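*Asks:* Below you'll find model.txt; it's compact mmCIF, C-alpha atoms and all ligand atoms.
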```
# COMPACT_ATOMS: atom_id res chain seq x y z
CA MET A 1 12.40 21.61 -10.48
CA ARG A 2 12.48 21.27 -14.28
CA PRO A 3 9.95 23.18 -16.42
CA TYR A 4 6.83 21.25 -17.50
CA ASP A 5 3.44 21.79 -19.21
CA PHE A 6 0.44 21.80 -16.88
CA THR A 7 -3.06 20.73 -17.94
CA VAL A 8 -6.27 20.48 -15.93
CA THR A 9 -8.66 17.81 -17.22
CA ARG A 10 -12.37 17.45 -16.53
CA GLY A 11 -13.27 14.20 -18.32
CA VAL A 12 -11.74 10.72 -18.09
CA ALA A 13 -11.37 10.36 -21.90
CA GLU A 14 -9.54 13.69 -22.12
CA ALA A 15 -7.32 12.71 -19.18
CA LEU A 16 -6.43 9.41 -20.84
CA ASP A 17 -5.52 11.21 -24.08
CA ARG A 18 -3.28 13.68 -22.31
CA GLY A 19 -1.88 11.24 -19.75
CA GLY A 20 -1.01 8.72 -22.47
CA ALA A 21 1.45 11.10 -24.14
CA PRO A 22 5.16 10.32 -23.61
CA GLY A 23 6.60 12.04 -20.54
CA ALA A 24 3.20 12.78 -18.96
CA ALA A 25 2.32 12.22 -15.28
CA TYR A 26 -1.02 12.42 -13.48
CA LEU A 27 -1.34 14.75 -10.50
CA ALA A 28 -3.78 13.89 -7.70
CA GLY A 29 -2.87 15.25 -4.24
CA GLY A 30 0.70 15.84 -5.41
CA THR A 31 2.19 14.82 -2.05
CA THR A 32 4.47 12.28 -3.71
CA LEU A 33 4.70 13.58 -7.27
CA VAL A 34 5.64 17.18 -6.49
CA ASP A 35 8.05 16.04 -3.79
CA LEU A 36 9.90 13.82 -6.27
CA MET A 37 9.80 16.51 -9.00
CA LYS A 38 11.49 18.96 -6.64
CA LEU A 39 14.21 16.37 -6.01
CA GLU A 40 14.39 15.78 -9.81
CA VAL A 41 13.87 12.07 -9.22
CA LEU A 42 10.83 12.42 -11.49
CA THR A 43 11.02 14.84 -14.43
CA PRO A 44 7.71 14.70 -16.35
CA SER A 45 7.45 17.04 -19.33
CA ARG A 46 3.66 17.32 -18.81
CA VAL A 47 1.63 17.19 -15.60
CA VAL A 48 -2.05 16.30 -15.99
CA ASP A 49 -4.19 17.44 -13.05
CA ILE A 50 -6.96 14.87 -12.55
CA ASN A 51 -8.63 16.44 -9.51
CA ARG A 52 -11.71 17.55 -11.44
CA LEU A 53 -12.48 14.06 -12.77
CA PRO A 54 -15.68 12.46 -11.43
CA LEU A 55 -13.75 9.84 -9.46
CA THR A 56 -15.21 10.39 -5.99
CA GLY A 57 -17.51 8.41 -3.70
CA VAL A 58 -17.54 5.55 -1.19
CA TRP A 59 -20.38 3.05 -1.49
CA THR A 60 -21.35 -0.59 -1.01
CA ASP A 61 -23.27 -2.98 -3.25
CA ARG A 62 -23.56 -6.78 -3.52
CA HIS A 63 -19.89 -6.98 -4.60
CA GLY A 64 -18.58 -5.19 -1.53
CA LEU A 65 -17.07 -1.81 -0.72
CA HIS A 66 -16.08 0.61 -3.49
CA ILE A 67 -13.78 3.59 -3.05
CA ALA A 68 -13.23 5.96 -5.98
CA ALA A 69 -9.61 6.88 -6.68
CA LEU A 70 -9.80 10.60 -5.93
CA GLU A 71 -11.30 10.20 -2.47
CA ARG A 72 -8.95 11.79 0.08
CA MET A 73 -7.36 9.54 2.69
CA SER A 74 -8.88 11.49 5.59
CA ASP A 75 -12.41 11.31 4.12
CA VAL A 76 -12.20 7.55 3.62
CA ALA A 77 -10.83 7.03 7.13
CA ALA A 78 -13.77 9.03 8.55
CA HIS A 79 -16.43 7.38 6.37
CA PRO A 80 -19.02 5.52 8.51
CA LEU A 81 -19.16 2.52 6.14
CA VAL A 82 -15.40 2.08 6.38
CA GLY A 83 -15.13 2.58 10.13
CA ALA A 84 -17.99 0.24 10.96
CA ARG A 85 -17.42 -2.58 8.48
CA TYR A 86 -13.71 -2.37 7.65
CA PRO A 87 -11.88 -0.89 10.68
CA VAL A 88 -8.56 -2.24 9.37
CA LEU A 89 -8.82 0.21 6.45
CA ALA A 90 -9.63 3.19 8.67
CA GLU A 91 -6.83 2.29 11.10
CA ALA A 92 -4.28 1.85 8.28
CA LEU A 93 -5.23 5.24 6.81
CA LEU A 94 -5.09 7.01 10.18
CA ALA A 95 -1.65 5.49 10.83
CA SER A 96 -0.39 6.99 7.54
CA ALA A 97 1.49 10.28 7.17
CA SER A 98 -0.01 13.33 8.97
CA PRO A 99 -3.49 14.94 9.05
CA GLN A 100 -2.40 17.63 6.56
CA LEU A 101 -1.05 15.04 4.13
CA ARG A 102 -4.12 12.82 4.51
CA ASN A 103 -6.35 15.81 3.67
CA MET A 104 -4.53 16.26 0.34
CA ALA A 105 -3.55 12.72 -0.58
CA SER A 106 -5.84 10.51 -2.66
CA ILE A 107 -6.50 6.77 -2.49
CA GLY A 108 -5.15 6.18 -6.03
CA GLY A 109 -2.03 8.24 -5.35
CA ASN A 110 -1.42 6.39 -2.09
CA LEU A 111 -1.39 3.04 -3.88
CA LEU A 112 1.00 4.40 -6.52
CA GLN A 113 3.39 6.27 -4.22
CA ARG A 114 7.07 5.58 -4.83
CA SER A 115 9.79 4.11 -2.64
CA ARG A 116 11.00 5.91 0.49
CA CYS A 117 14.50 4.41 0.10
CA GLY A 118 16.95 7.26 0.71
CA TYR A 119 19.13 6.27 -2.24
CA PHE A 120 16.11 6.33 -4.59
CA ARG A 121 15.39 9.90 -3.50
CA ASP A 122 19.01 11.08 -3.88
CA THR A 123 20.00 11.58 -7.52
CA ALA A 124 23.68 11.80 -6.52
CA THR A 125 23.69 8.04 -5.73
CA PRO A 126 23.11 5.03 -7.98
CA CYS A 127 19.77 3.20 -7.69
CA ASN A 128 18.40 0.45 -9.94
CA LYS A 129 14.84 1.60 -9.36
CA ARG A 130 15.55 5.19 -10.45
CA ALA A 131 18.28 4.48 -13.03
CA PRO A 132 18.05 0.83 -14.20
CA GLY A 133 21.41 -0.96 -14.17
CA SER A 134 23.19 1.64 -12.01
CA GLY A 135 23.37 -0.56 -8.87
CA CYS A 136 21.83 -0.83 -5.42
CA PRO A 137 23.88 0.85 -2.67
CA ALA A 138 21.27 -0.12 -0.04
CA ILE A 139 22.27 -3.81 -0.12
CA ALA A 140 25.63 -3.04 1.51
CA GLY A 141 24.69 0.37 2.90
CA ALA A 142 22.12 1.96 5.21
CA ASN A 143 19.44 -0.72 5.12
CA ARG A 144 17.82 -0.66 8.56
CA SER A 145 14.41 0.21 7.11
CA HIS A 146 14.65 -2.04 4.06
CA ALA A 147 12.90 -5.29 3.15
CA ILE A 148 13.50 -8.84 4.37
CA LEU A 149 10.96 -10.56 2.10
CA GLY A 150 10.73 -10.59 -1.70
CA THR A 151 14.10 -8.90 -2.16
CA SER A 152 16.47 -9.48 -5.08
CA ASP A 153 20.10 -8.71 -5.84
CA SER A 154 18.81 -5.60 -7.64
CA CYS A 155 16.60 -3.96 -4.99
CA VAL A 156 15.66 -4.34 -1.31
CA SER A 157 13.27 -1.41 -0.95
CA THR A 158 10.01 -1.88 0.98
CA HIS A 159 6.60 -0.96 -0.38
CA PRO A 160 5.59 2.16 1.57
CA SER A 161 1.75 2.21 1.51
CA ASP A 162 -0.08 1.25 4.72
CA LEU A 163 -3.44 1.22 2.94
CA ALA A 164 -2.14 -1.30 0.38
CA VAL A 165 -1.29 -3.74 3.19
CA ALA A 166 -4.83 -3.59 4.59
CA LEU A 167 -6.32 -3.92 1.09
CA VAL A 168 -4.13 -6.93 0.24
CA ALA A 169 -5.26 -8.64 3.45
CA LEU A 170 -8.87 -8.14 2.35
CA ASP A 171 -8.27 -9.43 -1.22
CA ALA A 172 -9.11 -6.03 -2.73
CA SER A 173 -8.75 -5.19 -6.39
CA VAL A 174 -8.09 -2.00 -8.33
CA ARG A 175 -9.94 -0.87 -11.45
CA LEU A 176 -7.52 0.33 -14.11
CA THR A 177 -8.95 2.40 -16.95
CA GLY A 178 -7.18 2.97 -20.23
CA ARG A 179 -8.15 4.04 -23.71
CA GLY A 180 -9.18 0.43 -24.50
CA GLY A 181 -11.53 0.14 -21.48
CA SER A 182 -11.30 -0.94 -17.83
CA ARG A 183 -9.90 -4.03 -16.12
CA ASP A 184 -10.00 -5.17 -12.51
CA VAL A 185 -6.75 -6.49 -11.06
CA ARG A 186 -6.26 -8.01 -7.60
CA LEU A 187 -3.95 -5.74 -5.65
CA ASP A 188 -1.92 -8.73 -4.46
CA GLY A 189 -0.93 -9.48 -8.06
CA PHE A 190 -0.76 -5.83 -9.17
CA TYR A 191 2.51 -5.10 -7.36
CA ARG A 192 5.59 -6.77 -8.87
CA LEU A 193 8.57 -8.27 -7.09
CA PRO A 194 11.75 -6.34 -7.97
CA GLY A 195 13.64 -9.23 -9.64
CA THR A 196 16.05 -7.70 -12.14
CA THR A 197 13.62 -4.91 -13.06
CA PRO A 198 12.85 -2.96 -9.87
CA HIS A 199 11.90 0.13 -11.90
CA LEU A 200 8.75 -1.77 -12.99
CA GLU A 201 6.75 -1.66 -9.75
CA ASN A 202 3.27 -2.65 -10.86
CA ASP A 203 1.14 -3.67 -13.82
CA LEU A 204 -0.25 -0.23 -14.63
CA ARG A 205 0.09 0.37 -18.38
CA PRO A 206 1.34 3.73 -19.72
CA GLY A 207 -1.46 6.30 -19.54
CA GLU A 208 -3.82 4.08 -17.49
CA LEU A 209 -5.68 5.62 -14.55
CA VAL A 210 -6.54 3.92 -11.27
CA THR A 211 -10.24 4.75 -11.07
CA GLU A 212 -11.55 2.65 -8.16
CA VAL A 213 -10.73 0.19 -5.41
CA THR A 214 -13.12 -2.69 -4.61
CA VAL A 215 -13.02 -4.65 -1.37
CA PRO A 216 -14.99 -7.87 -1.78
CA ARG A 217 -17.88 -8.57 0.56
CA LEU A 218 -16.61 -10.53 3.51
CA GLY A 219 -19.24 -10.10 6.20
CA TRP A 220 -16.73 -10.41 9.04
CA ALA A 221 -14.17 -7.68 8.26
CA ASP A 222 -15.67 -5.66 11.13
CA ARG A 223 -13.38 -7.79 13.35
CA SER A 224 -10.17 -6.41 11.90
CA ALA A 225 -7.24 -4.24 12.96
CA TYR A 226 -4.03 -2.59 11.74
CA VAL A 227 -0.97 -2.52 13.99
CA LYS A 228 1.97 -0.37 12.87
CA VAL A 229 5.37 -0.29 14.56
CA ARG A 230 7.51 2.75 13.71
CA ASP A 231 10.29 4.90 15.12
CA ARG A 232 7.88 7.75 16.01
CA THR A 233 4.19 7.63 16.92
CA SER A 234 3.12 9.69 13.93
CA TYR A 235 4.34 11.01 10.59
CA GLU A 236 6.54 7.98 9.98
CA PHE A 237 6.58 4.94 7.72
CA ALA A 238 6.29 1.40 9.11
CA LEU A 239 9.23 -0.62 10.33
CA VAL A 240 6.74 -3.47 10.53
CA SER A 241 2.96 -3.42 10.24
CA VAL A 242 0.26 -6.09 10.21
CA ALA A 243 -3.31 -6.00 8.91
CA ALA A 244 -5.53 -8.72 10.39
CA ALA A 245 -9.15 -9.83 10.10
CA VAL A 246 -10.50 -12.90 11.84
CA LEU A 247 -13.69 -14.97 11.99
CA VAL A 248 -14.05 -16.94 15.22
CA ARG A 249 -16.93 -19.40 15.73
CA ASP A 250 -17.33 -21.72 18.74
CA GLY A 251 -13.95 -20.58 20.04
CA VAL A 252 -12.11 -21.60 16.88
CA VAL A 253 -10.62 -19.55 14.00
CA ARG A 254 -12.87 -20.34 11.01
CA ASP A 255 -11.18 -17.85 8.69
CA VAL A 256 -8.42 -15.29 8.90
CA ARG A 257 -6.72 -12.69 6.66
CA LEU A 258 -3.24 -11.37 7.35
CA ALA A 259 -0.79 -9.12 5.50
CA ALA A 260 2.37 -7.31 6.55
CA GLY A 261 4.00 -3.99 5.64
CA GLY A 262 7.50 -2.62 6.18
CA VAL A 263 9.02 -6.03 5.57
CA GLY A 264 8.32 -6.87 1.92
CA THR A 265 9.20 -5.37 -1.43
CA ARG A 266 5.45 -5.39 -1.92
CA PRO A 267 2.58 -5.67 0.60
CA TRP A 268 3.11 -9.17 1.97
CA ARG A 269 0.23 -11.62 2.37
CA LEU A 270 0.94 -14.06 5.24
CA THR A 271 -0.80 -17.19 3.92
CA ALA A 272 1.36 -19.68 5.87
CA VAL A 273 0.40 -17.97 9.14
CA GLU A 274 -3.26 -17.95 8.09
CA ASP A 275 -3.08 -21.71 7.35
CA ALA A 276 -1.47 -22.38 10.73
CA LEU A 277 -4.35 -20.59 12.50
CA ARG A 278 -7.43 -22.03 10.76
CA GLY A 279 -9.30 -24.50 12.95
CA ARG A 280 -7.32 -23.54 16.07
CA PRO A 281 -8.38 -21.46 19.09
CA LEU A 282 -7.39 -17.77 19.05
CA ARG A 283 -5.16 -18.10 22.14
CA LEU A 284 -1.73 -16.58 22.78
CA GLU A 285 0.26 -19.83 22.63
CA VAL A 286 -1.45 -20.84 19.35
CA VAL A 287 -0.96 -17.41 17.81
CA GLU A 288 2.72 -17.23 18.83
CA LYS A 289 3.35 -20.61 17.25
CA ALA A 290 1.49 -19.69 14.05
CA ALA A 291 3.35 -16.37 13.78
CA ALA A 292 6.58 -18.35 13.42
CA ALA A 293 5.40 -19.47 9.96
CA THR A 294 7.04 -16.43 8.31
CA GLU A 295 9.93 -18.31 6.75
CA GLY A 296 11.78 -17.03 3.69
CA ALA A 297 13.06 -13.81 5.29
CA ARG A 298 16.51 -12.64 4.07
CA PRO A 299 17.70 -10.03 6.57
CA LEU A 300 20.42 -7.53 5.65
CA ALA A 301 23.21 -6.25 7.92
CA HIS A 302 21.03 -3.71 9.78
CA ASN A 303 17.49 -5.07 9.68
CA ALA A 304 17.58 -8.58 11.20
CA PHE A 305 15.48 -7.14 14.06
CA LYS A 306 12.52 -7.14 11.66
CA VAL A 307 12.26 -10.95 11.77
CA PRO A 308 11.28 -11.22 15.48
CA LEU A 309 9.45 -7.88 15.28
CA LEU A 310 7.24 -9.24 12.50
CA LYS A 311 6.29 -12.27 14.61
CA ARG A 312 5.50 -10.07 17.61
CA THR A 313 3.45 -7.66 15.50
CA ILE A 314 1.40 -10.52 14.05
CA THR A 315 0.77 -11.75 17.59
CA ARG A 316 -0.16 -8.27 18.80
CA ALA A 317 -2.63 -7.69 15.95
CA LEU A 318 -4.35 -11.04 16.45
CA MET A 319 -4.51 -10.79 20.24
CA LYS A 320 -6.05 -7.34 19.84
CA LEU A 321 -8.84 -9.06 17.90
CA ALA A 322 -9.14 -11.86 20.45
CA ASP A 323 -10.46 -9.23 22.88
CA ARG A 324 -13.08 -7.96 20.41
CA PRO A 325 -16.50 -9.59 20.03
C1 LIG B 401 6.28 13.13 5.13
C2 LIG B 401 5.42 12.05 4.54
C3 LIG B 401 5.05 10.97 5.33
C4 LIG B 401 4.26 9.96 4.78
N1 LIG B 401 3.92 8.88 5.55
C5 LIG B 401 3.17 7.87 5.00
C6 LIG B 401 2.82 6.74 5.75
O1 LIG B 401 3.16 6.60 6.93
N2 LIG B 401 2.08 5.77 5.15
C7 LIG B 401 1.67 5.88 3.84
O2 LIG B 401 0.99 4.96 3.35
N3 LIG B 401 2.00 6.95 3.11
C8 LIG B 401 2.72 7.93 3.66
N4 LIG B 401 3.08 9.01 2.91
C9 LIG B 401 2.78 8.99 1.48
C10 LIG B 401 1.45 9.65 1.16
O3 LIG B 401 0.42 8.85 1.70
C11 LIG B 401 1.40 9.71 -0.34
O4 LIG B 401 2.25 10.76 -0.72
C12 LIG B 401 0.02 9.99 -0.87
O5 LIG B 401 -0.89 9.01 -0.47
C13 LIG B 401 0.02 10.07 -2.37
O6 LIG B 401 -1.25 10.49 -2.81
P1 LIG B 401 -1.40 11.76 -3.75
O7 LIG B 401 -2.84 11.84 -4.12
O8 LIG B 401 -0.80 12.98 -3.14
O9 LIG B 401 -0.55 11.26 -4.98
P2 LIG B 401 0.29 12.10 -6.07
O10 LIG B 401 1.54 12.60 -5.47
O11 LIG B 401 -0.58 13.07 -6.77
O12 LIG B 401 0.61 10.90 -7.07
C14 LIG B 401 1.43 9.83 -6.70
C15 LIG B 401 1.73 8.99 -7.94
O13 LIG B 401 0.55 8.34 -8.38
C16 LIG B 401 0.17 8.77 -9.69
N5 LIG B 401 -1.30 8.87 -9.64
C17 LIG B 401 -2.02 9.52 -8.68
N6 LIG B 401 -3.33 9.24 -8.82
C18 LIG B 401 -3.43 8.41 -9.90
C19 LIG B 401 -4.51 7.75 -10.53
N7 LIG B 401 -5.77 7.87 -10.07
N8 LIG B 401 -4.25 6.96 -11.59
C20 LIG B 401 -2.99 6.80 -12.05
N9 LIG B 401 -1.91 7.40 -11.49
C21 LIG B 401 -2.14 8.20 -10.42
C22 LIG B 401 0.90 10.08 -9.92
O14 LIG B 401 1.16 10.29 -11.29
C23 LIG B 401 2.19 9.82 -9.14
O15 LIG B 401 3.08 9.04 -9.88
C24 LIG B 401 3.83 10.05 3.42
C25 LIG B 401 4.18 11.14 2.64
C26 LIG B 401 4.98 12.14 3.19
C27 LIG B 401 5.36 13.31 2.31
S1 LIG B 402 16.88 -0.65 -2.46
FE1 LIG B 402 15.90 -0.30 -4.46
S2 LIG B 402 15.26 1.82 -4.30
FE2 LIG B 402 16.88 1.55 -2.76
S3 LIG B 402 18.86 1.96 -3.76
FE3 LIG B 402 18.46 -0.20 -3.99
S4 LIG B 402 17.50 -0.28 -6.03
FE4 LIG B 402 17.27 1.80 -5.32
```
Could you show the structure in this file as structure tokens?
Ligand SMILES: Cc1cc2nc3c(=O)[nH]c(=O)nc-3n(C[C@H](O)[C@H](O)[C@H](O)COP(=O)(O)OP(=O)(O)OC[C@H]3O[C@@H](n4cnc5c(N)ncnc54)[C@H](O)[C@@H]3O)c2cc1C
Ligand code: SF4
*Replies:*
Amino acid sequence: MRPYDFTVTRGVAEALDRGGAPGAAYLAGGTTLVDLMKLEVLTPSRVVDINRLPLTGVWTDRHGLHIAALERMSDVAAHPLVGARYPVLAEALLASASPQLRNMASIGGNLLQRSRCGYFRDTATPCNKRAPGSGCPAIAGANRSHAILGTSDSCVSTHPSDLAVALVALDASVRLTGRGGSRDVRLDGFYRLPGTTPHLENDLRPGELVTEVTVPRLGWADRSAYVKVRDRTSYEFALVSVAAAVLVRDGVVRDVRLAAGGVGTRPWRLTAVEDALRGRPLRLEVVEKAAAATEGARPLAHNAFKVPLLKRTITRALMKLADRP
């Protein structure tokens, strides 16, 4: 690990001043940042510890559910408001990482975690995301876990956060706070497609802090679920995952929200599948047919299995909800 300056901040304004300096990085739980510093993938000259900032709390108001950025993943998963009204969020969090990691890791840090692509994490190999213009060995290399949607000729890495998938399904937004004030950005638009600039992953400006996540009031997100398919039952990232919420009235789908993880270069909203389900009964044959509306996938040499797996995972998530009142 390279030497760096370390500062602990107690106020948001002070954090923004220090975090806005060139070469600075914020430290929350450190479960991604420190990992990547040890690998020398990230080499900040100054680390700004934000753990003492007043960015904690989970609450609801007329706008919906609010989660402050420094809440720990395990605390949010266990929060009664989340479990009762937004089970998809609790399930996505509990399917992430391990209990020890969830106790350390924060909500803001989870949404800003970096790629798990092996080439990105290995400084001995080229990688357009780590070193722009150096190339993407994953396209012709070990790409079993890589993306099939939203890829470009520059990068095929998946977005790793499970929570982000559930939040995108629920139309959540993030509050970004900088020296000029705060702005709310829908998470769906916050993450960028790789295009020719995969090193630019989101719309966070230099020095900005993620301060809060807001999930808009829906009223029916209690009928929601997160299904994650992975190589091991725990402590593993998604091969394919699906977040689903559904409103059924008189035996017919009145509204539905779906997003997928493990398949896209960003959390992938499944609007075509949603459209194919609205106004139809939530029955297996209908759901299987609707799940086929995932066109646009561009499989690589080793991950074509993700195309049928995505359809089956969509079906599994929705049929899980068909059994719930
Ligand atoms: C072995 C392992 C398995 C894992 N499995 C999963 C999994 O299955 N699913 C999953 O979703 N995740 C998984 N993770 C990732 C884990 O969830 C993240 O490491 C964690 O959520 C990051 O949170 P943190 O608070 O530790 O972030 P940090 O490491 O402190 O920060 C991460 C990044 O975000 C920035 N940052 C942090 N907070 C803020 C803020 N408020 N404003 C602006 N910038 C900020 C930091 O500067 C840094 O760049 C796994 C991690 C490991 C090590
Ligand atoms: S897929 Fe993206 S992160 Fe992985 S090597 Fe290619 S450019 Fe780097």
*Asks:* Find the spatial neighbours of segment 48-56 of chain A, counting only C-alpha atoms, within a cut-off of 12 Å - ignore same-chain residues fewer than 5 positions away - and output them as a PyMOL selection string.
*Replies:* chain A and resi 4-21+23-30+33-34+66-73+75-76+104-109+175+177+207+209-213
*Asks:* Just give me the gap between atom O6 of ligand LIG 401 (chain B) and atom CA of Gln113 of chain A in Å, one decimal is fine.
*Replies:*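 Value for the atom O6 of ligand LIG 401 (chain B)-atom CA of Gln113 of chain A distance: 6.4 Å.
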*Asks:* I need the residue nearest Pro126 of chain A from this list: A:His63, A:Asn103, A:Ile139, A:Ser74. Use only C-alpha atoms for the distance.
*Replies:*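 Distance minimum relative to Pro126 of chain A lands on A:Ile139.
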*Asks:* Residues at most 9 Å from segment 312-324 of chain A, counting all atoms listed in the file, excluding those fewer than 5 positions away in the same chain, as a PyMOL selection string?
*Replies:* chain A and resi 223-229+240-246+248+258-260+273+282-284+287-288+290-291+307
*Asks:* Let me make sure I understand: among A:Asp275, A:Asp171, A:Asp153, A:Glu236, which one has the smallest atom-to-atom distance to Ser98 of chain A if we use all atoms listed in the file?
*Replies:* A:Glu236
*Asks:* Using all atoms listed in the file, which protein or nucleic acid residues come within 10 Å of Asp162 of chain A? Drop anything in the same chain fewer than 2 positions from it, and give the result as a short mmCIF file (atom, residue, chain, number, x, y, z; two decimals) with C-alpha atoms, in the coordinates of the input.
*Replies:*
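In the end it all went to result.cif:
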```cif
data_model
loop_
_atom_site.label_atom_id
_atom_site.label_comp_id
_atom_site.auth_asym_id
_atom_site.auth_seq_id
_atom_site.Cartn_x
_atom_site.Cartn_y
_atom_site.Cartn_z
CA LEU A 89 -8.82 0.21 6.45
CA GLU A 91 -6.83 2.29 11.10
CA ALA A 92 -4.28 1.85 8.28
CA LEU A 93 -5.23 5.24 6.81
CA LEU A 94 -5.09 7.01 10.18
CA ALA A 95 -1.65 5.49 10.83
CA SER A 96 -0.39 6.99 7.54
CA ALA A 97 1.49 10.28 7.17
CA ASN A 110 -1.42 6.39 -2.09
CA LEU A 111 -1.39 3.04 -3.88
CA HIS A 159 6.60 -0.96 -0.38
CA PRO A 160 5.59 2.16 1.57
CA ALA A 164 -2.14 -1.30 0.38
CA VAL A 165 -1.29 -3.74 3.19
CA ALA A 166 -4.83 -3.59 4.59
CA LEU A 167 -6.32 -3.92 1.09
CA TYR A 226 -4.03 -2.59 11.74
CA LYS A 228 1.97 -0.37 12.87
CA PHE A 237 6.58 4.94 7.72
CA ALA A 238 6.29 1.40 9.11
CA SER A 241 2.96 -3.42 10.24
CA VAL A 242 0.26 -6.09 10.21
CA ALA A 243 -3.31 -6.00 8.91
CA ALA A 260 2.37 -7.31 6.55
CA GLY A 261 4.00 -3.99 5.64
CA GLY A 262 7.50 -2.62 6.18
CA PRO A 267 2.58 -5.67 0.60
#
```
*Asks:* Smallest atom-to-atom distance to Ser154 of chain A: which of A:Arg46, A:Arg249, A:Arg2, A:Lys129, using all atoms listed in the file?
*Replies:*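 The shortest atom-to-atom distance to Ser154 of chain A comes from A:Lys129.
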*Asks:* Using all atoms listed in the file, which residues of the polymer chains come no farther than 12 Å from ligand LIG 402 (chain B)? I'd like the answer as a ChimeraX atom specification.
*Replies:* /A:41,114-148,150-160,193-201,264-266,300
*Asks:* Between atom CA of Val286 of chain A and atom CA of Asp231 of chain A, what is the spacing in Å?
*Replies:* 28.6 Å
